[in-house]
>>> print(open('structure-v7.cif').read())   # mmCIF, N, CA and C atoms
data_work
#
loop_
_atom_site.label_atom_id
_atom_site.label_comp_id
_atom_site.auth_asym_id
_atom_site.auth_seq_id
_atom_site.Cartn_x
_atom_site.Cartn_y
_atom_site.Cartn_z
N MET A 1 0.83 -1.18 0.00
CA MET A 1 0.00 0.00 0.00
C MET A 1 0.88 1.25 0.00
N ALA A 2 0.50 2.23 -0.77
CA ALA A 2 1.25 3.48 -0.85
C ALA A 2 1.04 4.29 0.41
N SER A 3 2.10 4.96 0.84
CA SER A 3 1.97 5.82 2.02
C SER A 3 1.85 7.27 1.59
N TYR A 4 1.39 8.08 2.50
CA TYR A 4 1.23 9.52 2.27
C TYR A 4 2.58 10.12 1.86
N THR A 5 3.63 9.76 2.58
CA THR A 5 4.98 10.26 2.32
C THR A 5 5.47 9.85 0.95
N ASP A 6 5.19 8.61 0.56
CA ASP A 6 5.60 8.12 -0.77
C ASP A 6 4.99 8.98 -1.87
N VAL A 7 3.70 9.22 -1.76
CA VAL A 7 3.01 10.00 -2.79
C VAL A 7 3.62 11.40 -2.87
N LEU A 8 3.81 12.04 -1.74
CA LEU A 8 4.36 13.39 -1.73
C LEU A 8 5.79 13.41 -2.28
N GLU A 9 6.55 12.38 -1.99
CA GLU A 9 7.94 12.30 -2.46
C GLU A 9 8.01 12.28 -3.99
N TYR A 10 7.16 11.49 -4.62
CA TYR A 10 7.22 11.35 -6.07
C TYR A 10 6.53 12.50 -6.81
N LEU A 11 5.86 13.37 -6.08
CA LEU A 11 5.20 14.52 -6.70
C LEU A 11 5.82 15.84 -6.26
N SER A 12 6.97 15.79 -5.62
CA SER A 12 7.57 17.01 -5.06
C SER A 12 7.95 18.05 -6.11
N ALA A 13 8.25 17.65 -7.33
CA ALA A 13 8.66 18.60 -8.37
C ALA A 13 7.49 19.06 -9.25
N LEU A 14 6.31 18.56 -8.99
CA LEU A 14 5.15 18.87 -9.83
C LEU A 14 4.64 20.28 -9.56
N ASP A 15 4.34 21.01 -10.64
CA ASP A 15 3.74 22.34 -10.52
C ASP A 15 2.23 22.18 -10.43
N TYR A 16 1.65 22.86 -9.43
CA TYR A 16 0.21 22.81 -9.22
C TYR A 16 -0.42 24.13 -9.61
N PRO A 17 -1.68 24.17 -9.97
CA PRO A 17 -2.62 23.06 -10.04
C PRO A 17 -2.25 22.09 -11.16
N ALA A 18 -2.60 20.83 -10.93
CA ALA A 18 -2.27 19.78 -11.88
C ALA A 18 -3.43 18.80 -11.99
N GLY A 19 -3.66 18.31 -13.19
CA GLY A 19 -4.71 17.32 -13.42
C GLY A 19 -4.22 15.92 -13.14
N LYS A 20 -5.12 14.98 -13.16
CA LYS A 20 -4.81 13.58 -12.89
C LYS A 20 -3.71 13.07 -13.82
N ASP A 21 -3.81 13.36 -15.11
CA ASP A 21 -2.80 12.89 -16.05
C ASP A 21 -1.42 13.46 -15.75
N ASP A 22 -1.37 14.73 -15.36
CA ASP A 22 -0.09 15.35 -14.99
C ASP A 22 0.51 14.68 -13.76
N VAL A 23 -0.35 14.38 -12.80
CA VAL A 23 0.09 13.73 -11.55
C VAL A 23 0.70 12.36 -11.87
N ILE A 24 0.00 11.57 -12.67
CA ILE A 24 0.49 10.23 -13.01
C ILE A 24 1.79 10.31 -13.80
N ARG A 25 1.83 11.22 -14.76
CA ARG A 25 3.02 11.38 -15.60
C ARG A 25 4.24 11.75 -14.75
N GLU A 26 4.05 12.66 -13.80
CA GLU A 26 5.15 13.07 -12.92
C GLU A 26 5.63 11.92 -12.05
N ALA A 27 4.70 11.16 -11.49
CA ALA A 27 5.07 10.03 -10.65
C ALA A 27 5.83 8.98 -11.46
N GLU A 28 5.40 8.72 -12.69
CA GLU A 28 6.12 7.78 -13.55
C GLU A 28 7.51 8.29 -13.87
N ARG A 29 7.62 9.58 -14.16
CA ARG A 29 8.92 10.19 -14.49
C ARG A 29 9.88 10.09 -13.31
N GLU A 30 9.34 10.21 -12.09
CA GLU A 30 10.16 10.14 -10.88
C GLU A 30 10.45 8.70 -10.44
N GLY A 31 9.89 7.72 -11.15
CA GLY A 31 10.16 6.32 -10.82
C GLY A 31 9.35 5.77 -9.67
N ALA A 32 8.14 6.22 -9.53
CA ALA A 32 7.27 5.75 -8.43
C ALA A 32 7.02 4.25 -8.55
N PRO A 33 6.96 3.55 -7.41
CA PRO A 33 6.68 2.12 -7.43
C PRO A 33 5.23 1.82 -7.84
N PRO A 34 4.96 0.58 -8.22
CA PRO A 34 3.62 0.21 -8.69
C PRO A 34 2.48 0.55 -7.74
N GLU A 35 2.67 0.42 -6.43
CA GLU A 35 1.57 0.70 -5.50
C GLU A 35 1.21 2.19 -5.49
N VAL A 36 2.20 3.06 -5.67
CA VAL A 36 1.92 4.50 -5.75
C VAL A 36 1.18 4.81 -7.04
N LEU A 37 1.67 4.26 -8.15
CA LEU A 37 1.02 4.48 -9.44
C LEU A 37 -0.41 3.96 -9.44
N ARG A 38 -0.63 2.82 -8.81
CA ARG A 38 -1.97 2.23 -8.74
C ARG A 38 -2.92 3.18 -7.99
N ALA A 39 -2.45 3.74 -6.89
CA ALA A 39 -3.27 4.69 -6.11
C ALA A 39 -3.56 5.94 -6.91
N LEU A 40 -2.59 6.43 -7.65
CA LEU A 40 -2.77 7.65 -8.44
C LEU A 40 -3.69 7.42 -9.65
N ARG A 41 -3.63 6.25 -10.22
CA ARG A 41 -4.50 5.96 -11.37
C ARG A 41 -5.97 5.86 -10.95
N ALA A 42 -6.22 5.65 -9.68
CA ALA A 42 -7.58 5.55 -9.17
C ALA A 42 -8.16 6.93 -8.82
N LEU A 43 -7.39 7.98 -8.99
CA LEU A 43 -7.85 9.33 -8.67
C LEU A 43 -8.99 9.77 -9.56
N PRO A 44 -9.88 10.61 -9.04
CA PRO A 44 -10.90 11.24 -9.90
C PRO A 44 -10.21 12.22 -10.86
N PRO A 45 -10.75 12.39 -12.05
CA PRO A 45 -10.12 13.28 -13.04
C PRO A 45 -10.45 14.76 -12.81
N VAL A 46 -9.81 15.34 -11.79
CA VAL A 46 -10.01 16.75 -11.47
C VAL A 46 -8.65 17.42 -11.35
N ASP A 47 -8.64 18.74 -11.19
CA ASP A 47 -7.39 19.46 -10.95
C ASP A 47 -7.11 19.46 -9.45
N TYR A 48 -5.85 19.25 -9.10
CA TYR A 48 -5.43 19.18 -7.71
C TYR A 48 -4.58 20.40 -7.37
N ALA A 49 -4.82 20.99 -6.21
CA ALA A 49 -4.14 22.21 -5.79
C ALA A 49 -2.75 21.95 -5.23
N ASN A 50 -2.54 20.75 -4.65
CA ASN A 50 -1.24 20.42 -4.05
C ASN A 50 -1.14 18.92 -3.81
N GLY A 51 0.03 18.48 -3.38
CA GLY A 51 0.27 17.06 -3.15
C GLY A 51 -0.58 16.47 -2.05
N ASN A 52 -0.86 17.26 -1.02
CA ASN A 52 -1.71 16.78 0.07
C ASN A 52 -3.11 16.45 -0.44
N GLU A 53 -3.61 17.29 -1.32
CA GLU A 53 -4.93 17.06 -1.90
C GLU A 53 -4.94 15.78 -2.73
N VAL A 54 -3.85 15.53 -3.45
CA VAL A 54 -3.72 14.31 -4.25
C VAL A 54 -3.76 13.09 -3.32
N ALA A 55 -2.96 13.11 -2.28
CA ALA A 55 -2.88 11.97 -1.36
C ALA A 55 -4.22 11.71 -0.67
N ARG A 56 -4.89 12.78 -0.23
CA ARG A 56 -6.20 12.61 0.41
C ARG A 56 -7.22 12.05 -0.57
N SER A 57 -7.19 12.55 -1.80
CA SER A 57 -8.14 12.09 -2.81
C SER A 57 -7.90 10.63 -3.17
N ALA A 58 -6.66 10.20 -3.06
CA ALA A 58 -6.32 8.80 -3.34
C ALA A 58 -6.69 7.90 -2.17
N GLY A 59 -7.16 8.49 -1.08
CA GLY A 59 -7.59 7.69 0.07
C GLY A 59 -6.43 7.21 0.92
N ILE A 60 -5.31 7.91 0.85
CA ILE A 60 -4.14 7.51 1.62
C ILE A 60 -4.17 8.24 2.95
N ASP A 61 -4.03 7.50 4.01
CA ASP A 61 -4.12 8.03 5.37
C ASP A 61 -2.85 8.80 5.73
N ALA A 62 -2.99 10.03 6.19
CA ALA A 62 -1.85 10.85 6.57
C ALA A 62 -1.20 10.38 7.86
N ALA A 63 -1.94 9.71 8.71
CA ALA A 63 -1.41 9.26 10.00
C ALA A 63 -1.85 7.82 10.26
N PRO A 64 -1.26 6.86 9.54
CA PRO A 64 -1.70 5.47 9.72
C PRO A 64 -1.43 4.91 11.12
N GLU A 65 -0.53 5.58 11.88
CA GLU A 65 -0.22 5.09 13.22
C GLU A 65 -1.33 5.38 14.22
N VAL A 66 -2.30 6.20 13.84
CA VAL A 66 -3.43 6.50 14.72
C VAL A 66 -4.50 5.44 14.49
N SER A 67 -4.86 4.76 15.57
CA SER A 67 -5.83 3.66 15.46
C SER A 67 -7.25 4.21 15.29
N PRO A 68 -8.16 3.37 14.79
CA PRO A 68 -9.55 3.80 14.66
C PRO A 68 -10.16 4.27 15.98
N SER A 69 -9.81 3.61 17.07
CA SER A 69 -10.36 4.03 18.37
C SER A 69 -9.81 5.39 18.79
N GLN A 70 -8.54 5.68 18.46
CA GLN A 70 -7.98 6.99 18.76
C GLN A 70 -8.66 8.07 17.92
N ARG A 71 -8.94 7.76 16.66
CA ARG A 71 -9.64 8.71 15.79
C ARG A 71 -11.04 9.00 16.33
N ALA A 72 -11.71 7.97 16.81
CA ALA A 72 -13.05 8.15 17.37
C ALA A 72 -12.99 9.04 18.61
N ALA A 73 -11.99 8.82 19.45
CA ALA A 73 -11.84 9.65 20.66
C ALA A 73 -11.56 11.10 20.27
N GLN A 74 -10.74 11.31 19.26
CA GLN A 74 -10.46 12.68 18.80
C GLN A 74 -11.72 13.34 18.25
N ALA A 75 -12.53 12.59 17.54
CA ALA A 75 -13.76 13.13 16.97
C ALA A 75 -14.76 13.50 18.07
N ARG A 76 -14.76 12.74 19.17
CA ARG A 76 -15.68 13.04 20.28
C ARG A 76 -15.25 14.26 21.08
N ASP A 77 -13.95 14.56 21.08
CA ASP A 77 -13.44 15.69 21.84
C ASP A 77 -13.70 16.97 21.06
N ARG A 78 -14.82 17.59 21.34
CA ARG A 78 -15.22 18.80 20.60
C ARG A 78 -14.32 19.98 20.88
N HIS A 79 -13.56 19.94 21.96
CA HIS A 79 -12.76 21.10 22.36
C HIS A 79 -11.29 20.95 21.98
N LEU A 80 -10.99 20.03 21.12
CA LEU A 80 -9.62 19.83 20.69
C LEU A 80 -9.12 21.09 19.99
N ARG A 81 -8.01 21.60 20.43
CA ARG A 81 -7.36 22.78 19.86
C ARG A 81 -8.16 24.08 20.03
N VAL A 82 -8.96 24.16 21.06
CA VAL A 82 -9.69 25.38 21.35
C VAL A 82 -9.07 26.00 22.60
N SER A 83 -8.78 27.29 22.56
CA SER A 83 -8.19 27.97 23.70
C SER A 83 -9.05 27.80 24.95
N GLN A 84 -8.41 27.72 26.08
CA GLN A 84 -9.10 27.49 27.33
C GLN A 84 -10.20 28.54 27.56
N HIS A 85 -9.92 29.81 27.26
CA HIS A 85 -10.92 30.86 27.53
C HIS A 85 -12.13 30.77 26.61
N LEU A 86 -12.05 30.01 25.52
CA LEU A 86 -13.18 29.86 24.62
C LEU A 86 -14.01 28.60 24.90
N ARG A 87 -13.54 27.73 25.74
CA ARG A 87 -14.23 26.45 25.96
C ARG A 87 -15.60 26.60 26.57
N GLY A 88 -15.83 27.62 27.34
CA GLY A 88 -17.12 27.80 27.99
C GLY A 88 -18.14 28.53 27.13
N ILE A 89 -17.72 29.00 26.00
CA ILE A 89 -18.63 29.80 25.16
C ILE A 89 -19.58 28.93 24.40
#
>>> encode(input="structure-v7.cif", output="structure tokens")
Amino acid sequence: MASYTDVLEYLSALDYPAGKDDVIREAEREGAPPEVLRALRALPPVDYANGNEVARSAGIDAAPEVSPSQRAAQARDRHLRVSQHLRGI
């Protein structure tokens, strides 16, 4: 399976915005492995603003080390990253 870092590595020289064909062509030119190319070929045919958008659209998890239960706990914590003085508002 392709990782978020892998995708970004093989697209680091790409000028954005870029379409699906440009993304695939750049990854092939950079020598991306088959699993990265497979993920990129599954992309919807739209223009992408940056590499992060490409990786998210390909369904690649940015933080695979976070378990589903940790993600659920983060989603339940409505006050994550909210300043203390704003929590009561």
>>> resolve_selection(input="structure-v7.cif", expression="the PyMOL selection byres (((chain A and resi 37 and name CA) around 9) and name CA)", output="mmCIF file with N, CA and C atoms, keeping the file's coordinate frame")
data_model
loop_
_atom_site.group_PDB
_atom_site.id
_atom_site.type_symbol
_atom_site.label_atom_id
_atom_site.label_comp_id
_atom_site.auth_asym_id
_atom_site.auth_seq_id
_atom_site.Cartn_x
_atom_site.Cartn_y
_atom_site.Cartn_z
ATOM 1 N N ALA A 2 0.500 2.230 -0.770
ATOM 2 C CA ALA A 2 1.250 3.480 -0.850
ATOM 3 C C ALA A 2 1.040 4.290 0.410
ATOM 4 N N VAL A 7 3.700 9.220 -1.760
ATOM 5 C CA VAL A 7 3.010 10.000 -2.790
ATOM 6 C C VAL A 7 3.620 11.400 -2.870
ATOM 7 N N ILE A 24 0.000 11.570 -12.670
ATOM 8 C CA ILE A 24 0.490 10.230 -13.010
ATOM 9 C C ILE A 24 1.790 10.310 -13.800
ATOM 10 N N ALA A 27 4.700 11.160 -11.490
ATOM 11 C CA ALA A 27 5.070 10.030 -10.650
ATOM 12 C C ALA A 27 5.830 8.980 -11.460
ATOM 13 N N GLU A 28 5.400 8.720 -12.690
ATOM 14 C CA GLU A 28 6.120 7.780 -13.550
ATOM 15 C C GLU A 28 7.510 8.290 -13.870
ATOM 16 N N ALA A 32 8.140 6.220 -9.530
ATOM 17 C CA ALA A 32 7.270 5.750 -8.430
ATOM 18 C C ALA A 32 7.020 4.250 -8.550
ATOM 19 N N PRO A 33 6.960 3.550 -7.410
ATOM 20 C CA PRO A 33 6.680 2.120 -7.430
ATOM 21 C C PRO A 33 5.230 1.820 -7.840
ATOM 22 N N PRO A 34 4.960 0.580 -8.220
ATOM 23 C CA PRO A 34 3.620 0.210 -8.690
ATOM 24 C C PRO A 34 2.480 0.550 -7.740
ATOM 25 N N GLU A 35 2.670 0.420 -6.430
ATOM 26 C CA GLU A 35 1.570 0.700 -5.500
ATOM 27 C C GLU A 35 1.210 2.190 -5.490
ATOM 28 N N VAL A 36 2.200 3.060 -5.670
ATOM 29 C CA VAL A 36 1.920 4.500 -5.750
ATOM 30 C C VAL A 36 1.180 4.810 -7.040
ATOM 31 N N ARG A 38 -0.630 2.820 -8.810
ATOM 32 C CA ARG A 38 -1.970 2.230 -8.740
ATOM 33 C C ARG A 38 -2.920 3.180 -7.990
ATOM 34 N N ALA A 39 -2.450 3.740 -6.890
ATOM 35 C CA ALA A 39 -3.270 4.690 -6.110
ATOM 36 C C ALA A 39 -3.560 5.940 -6.910
ATOM 37 N N LEU A 40 -2.590 6.430 -7.650
ATOM 38 C CA LEU A 40 -2.770 7.650 -8.440
ATOM 39 C C LEU A 40 -3.690 7.420 -9.650
ATOM 40 N N ARG A 41 -3.630 6.250 -10.220
ATOM 41 C CA ARG A 41 -4.500 5.960 -11.370
ATOM 42 C C ARG A 41 -5.970 5.860 -10.950
ATOM 43 N N ALA A 42 -6.220 5.650 -9.680
ATOM 44 C CA ALA A 42 -7.580 5.550 -9.170
ATOM 45 C C ALA A 42 -8.160 6.930 -8.820
#
>>> atom_distance(input="structure-v7.cif", atom1="atom CA of A:Gln70", atom2="atom C of A:Leu43")
28.5 Å
>>> resolve_selection(input="structure-v7.cif", expression="the PyMOL selection byres (((chain A and resi 9 and name CA) around 12) and name CA)", output="ChimeraX atom specification")
/A:2-8,10-14,26-27,30-33,36,51-52,54-55
>>> atom_distance(input="structure-v7.cif", atom1="atom CA of A:Tyr16", atom2="atom CA of A:Asp47")
8.5 Å
>>> atom_distance(input="structure-v7.cif", atom1="atom CA of A:Asp22", atom2="atom C of A:Ile60")
19.7 Å
>>> axis_aligned_box(input="structure-v7.cif", around="stretch 17-35 of chain A", padding_each_side="5 Å", output="lines of an AutoDock Vina configuration file")
center_x = 2.7
center_y = 12.2
center_z = -10.8
size_x = 25.6
size_y = 34.0
size_z = 20.6
>>> residues_around(input="structure-v7.cif", residues="A:Ala49", least_positions_apart="6", cutoff="10 Å", atoms="only C-alpha atoms", output="list in words")
Asp15, Tyr16, Pro17, Ala18 and Gly19 of chain A
>>> build_atoms(input="structure-v7.cif", residues="stretch 28-50 of chain A", atoms="N, CA, C and O atoms", output="PDB file, in the coordinates of the input")
ATOM      1  N   GLU A  28       5.400   8.720 -12.690  1.00  0.00           N
ATOM      2  CA  GLU A  28       6.120   7.780 -13.550  1.00  0.00           C
ATOM      3  C   GLU A  28       7.510   8.290 -13.870  1.00  0.00           C
ATOM      4  O   GLU A  28       8.490   7.531 -13.839  1.00  0.00           O
ATOM      5  N   ARG A  29       7.620   9.580 -14.160  1.00  0.00           N
ATOM      6  CA  ARG A  29       8.920  10.190 -14.490  1.00  0.00           C
ATOM      7  C   ARG A  29       9.880  10.090 -13.310  1.00  0.00           C
ATOM      8  O   ARG A  29      11.086   9.881 -13.481  1.00  0.00           O
ATOM      9  N   GLU A  30       9.340  10.210 -12.090  1.00  0.00           N
ATOM     10  CA  GLU A  30      10.160  10.140 -10.880  1.00  0.00           C
ATOM     11  C   GLU A  30      10.450   8.700 -10.440  1.00  0.00           C
ATOM     12  O   GLU A  30      11.132   8.494  -9.448  1.00  0.00           O
ATOM     13  N   GLY A  31       9.890   7.720 -11.150  1.00  0.00           N
ATOM     14  CA  GLY A  31      10.160   6.320 -10.820  1.00  0.00           C
ATOM     15  C   GLY A  31       9.350   5.770  -9.670  1.00  0.00           C
ATOM     16  O   GLY A  31       9.840   4.926  -8.903  1.00  0.00           O
ATOM     17  N   ALA A  32       8.140   6.220  -9.530  1.00  0.00           N
ATOM     18  CA  ALA A  32       7.270   5.750  -8.430  1.00  0.00           C
ATOM     19  C   ALA A  32       7.020   4.250  -8.550  1.00  0.00           C
ATOM     20  O   ALA A  32       6.870   3.727  -9.646  1.00  0.00           O
ATOM     21  N   PRO A  33       6.960   3.550  -7.410  1.00  0.00           N
ATOM     22  CA  PRO A  33       6.680   2.120  -7.430  1.00  0.00           C
ATOM     23  C   PRO A  33       5.230   1.820  -7.840  1.00  0.00           C
ATOM     24  O   PRO A  33       4.375   2.714  -7.811  1.00  0.00           O
ATOM     25  N   PRO A  34       4.960   0.580  -8.220  1.00  0.00           N
ATOM     26  CA  PRO A  34       3.620   0.210  -8.690  1.00  0.00           C
ATOM     27  C   PRO A  34       2.480   0.550  -7.740  1.00  0.00           C
ATOM     28  O   PRO A  34       1.401   0.958  -8.186  1.00  0.00           O
ATOM     29  N   GLU A  35       2.670   0.420  -6.430  1.00  0.00           N
ATOM     30  CA  GLU A  35       1.570   0.700  -5.500  1.00  0.00           C
ATOM     31  C   GLU A  35       1.210   2.190  -5.490  1.00  0.00           C
ATOM     32  O   GLU A  35       0.046   2.541  -5.345  1.00  0.00           O
ATOM     33  N   VAL A  36       2.200   3.060  -5.670  1.00  0.00           N
ATOM     34  CA  VAL A  36       1.920   4.500  -5.750  1.00  0.00           C
ATOM     35  C   VAL A  36       1.180   4.810  -7.040  1.00  0.00           C
ATOM     36  O   VAL A  36       0.179   5.523  -7.047  1.00  0.00           O
ATOM     37  N   LEU A  37       1.670   4.260  -8.150  1.00  0.00           N
ATOM     38  CA  LEU A  37       1.020   4.480  -9.440  1.00  0.00           C
ATOM     39  C   LEU A  37      -0.410   3.960  -9.440  1.00  0.00           C
ATOM     40  O   LEU A  37      -1.316   4.590  -9.990  1.00  0.00           O
ATOM     41  N   ARG A  38      -0.630   2.820  -8.810  1.00  0.00           N
ATOM     42  CA  ARG A  38      -1.970   2.230  -8.740  1.00  0.00           C
ATOM     43  C   ARG A  38      -2.920   3.180  -7.990  1.00  0.00           C
ATOM     44  O   ARG A  38      -4.051   3.416  -8.413  1.00  0.00           O
ATOM     45  N   ALA A  39      -2.450   3.740  -6.890  1.00  0.00           N
ATOM     46  CA  ALA A  39      -3.270   4.690  -6.110  1.00  0.00           C
ATOM     47  C   ALA A  39      -3.560   5.940  -6.910  1.00  0.00           C
ATOM     48  O   ALA A  39      -4.682   6.458  -6.892  1.00  0.00           O
ATOM     49  N   LEU A  40      -2.590   6.430  -7.650  1.00  0.00           N
ATOM     50  CA  LEU A  40      -2.770   7.650  -8.440  1.00  0.00           C
ATOM     51  C   LEU A  40      -3.690   7.420  -9.650  1.00  0.00           C
ATOM     52  O   LEU A  40      -4.446   8.311 -10.018  1.00  0.00           O
ATOM     53  N   ARG A  41      -3.630   6.250 -10.220  1.00  0.00           N
ATOM     54  CA  ARG A  41      -4.500   5.960 -11.370  1.00  0.00           C
ATOM     55  C   ARG A  41      -5.970   5.860 -10.950  1.00  0.00           C
ATOM     56  O   ARG A  41      -6.859   5.997 -11.784  1.00  0.00           O
ATOM     57  N   ALA A  42      -6.220   5.650  -9.680  1.00  0.00           N
ATOM     58  CA  ALA A  42      -7.580   5.550  -9.170  1.00  0.00           C
ATOM     59  C   ALA A  42      -8.160   6.930  -8.820  1.00  0.00           C
ATOM     60  O   ALA A  42      -9.321   7.019  -8.407  1.00  0.00           O
ATOM     61  N   LEU A  43      -7.390   7.980  -8.990  1.00  0.00           N
ATOM     62  CA  LEU A  43      -7.850   9.330  -8.670  1.00  0.00           C
ATOM     63  C   LEU A  43      -8.990   9.770  -9.560  1.00  0.00           C
ATOM     64  O   LEU A  43      -9.032   9.411 -10.745  1.00  0.00           O
ATOM     65  N   PRO A  44      -9.880  10.610  -9.040  1.00  0.00           N
ATOM     66  CA  PRO A  44     -10.900  11.240  -9.900  1.00  0.00           C
ATOM     67  C   PRO A  44     -10.210  12.220 -10.860  1.00  0.00           C
ATOM     68  O   PRO A  44      -9.199  12.818 -10.496  1.00  0.00           O
ATOM     69  N   PRO A  45     -10.750  12.390 -12.050  1.00  0.00           N
ATOM     70  CA  PRO A  45     -10.120  13.280 -13.040  1.00  0.00           C
ATOM     71  C   PRO A  45     -10.450  14.760 -12.810  1.00  0.00           C
ATOM     72  O   PRO A  45     -11.256  15.345 -13.519  1.00  0.00           O
ATOM     73  N   VAL A  46      -9.810  15.340 -11.790  1.00  0.00           N
ATOM     74  CA  VAL A  46     -10.010  16.750 -11.470  1.00  0.00           C
ATOM     75  C   VAL A  46      -8.650  17.420 -11.350  1.00  0.00           C
ATOM     76  O   VAL A  46      -7.614  16.759 -11.372  1.00  0.00           O
ATOM     77  N   ASP A  47      -8.640  18.740 -11.190  1.00  0.00           N
ATOM     78  CA  ASP A  47      -7.390  19.460 -10.950  1.00  0.00           C
ATOM     79  C   ASP A  47      -7.110  19.460  -9.450  1.00  0.00           C
ATOM     80  O   ASP A  47      -8.015  19.679  -8.634  1.00  0.00           O
ATOM     81  N   TYR A  48      -5.850  19.250  -9.100  1.00  0.00           N
ATOM     82  CA  TYR A  48      -5.430  19.180  -7.710  1.00  0.00           C
ATOM     83  C   TYR A  48      -4.580  20.400  -7.370  1.00  0.00           C
ATOM     84  O   TYR A  48      -3.719  20.797  -8.150  1.00  0.00           O
ATOM     85  N   ALA A  49      -4.820  20.990  -6.210  1.00  0.00           N
ATOM     86  CA  ALA A  49      -4.140  22.210  -5.790  1.00  0.00           C
ATOM     87  C   ALA A  49      -2.750  21.950  -5.230  1.00  0.00           C
ATOM     88  O   ALA A  49      -1.868  22.794  -5.308  1.00  0.00           O
ATOM     89  N   ASN A  50      -2.540  20.750  -4.650  1.00  0.00           N
ATOM     90  CA  ASN A  50      -1.240  20.420  -4.050  1.00  0.00           C
ATOM     91  C   ASN A  50      -1.140  18.920  -3.810  1.00  0.00           C
ATOM     92  O   ASN A  50      -2.100  18.180  -4.000  1.00  0.00           O
TER      93      ASN A  50
END
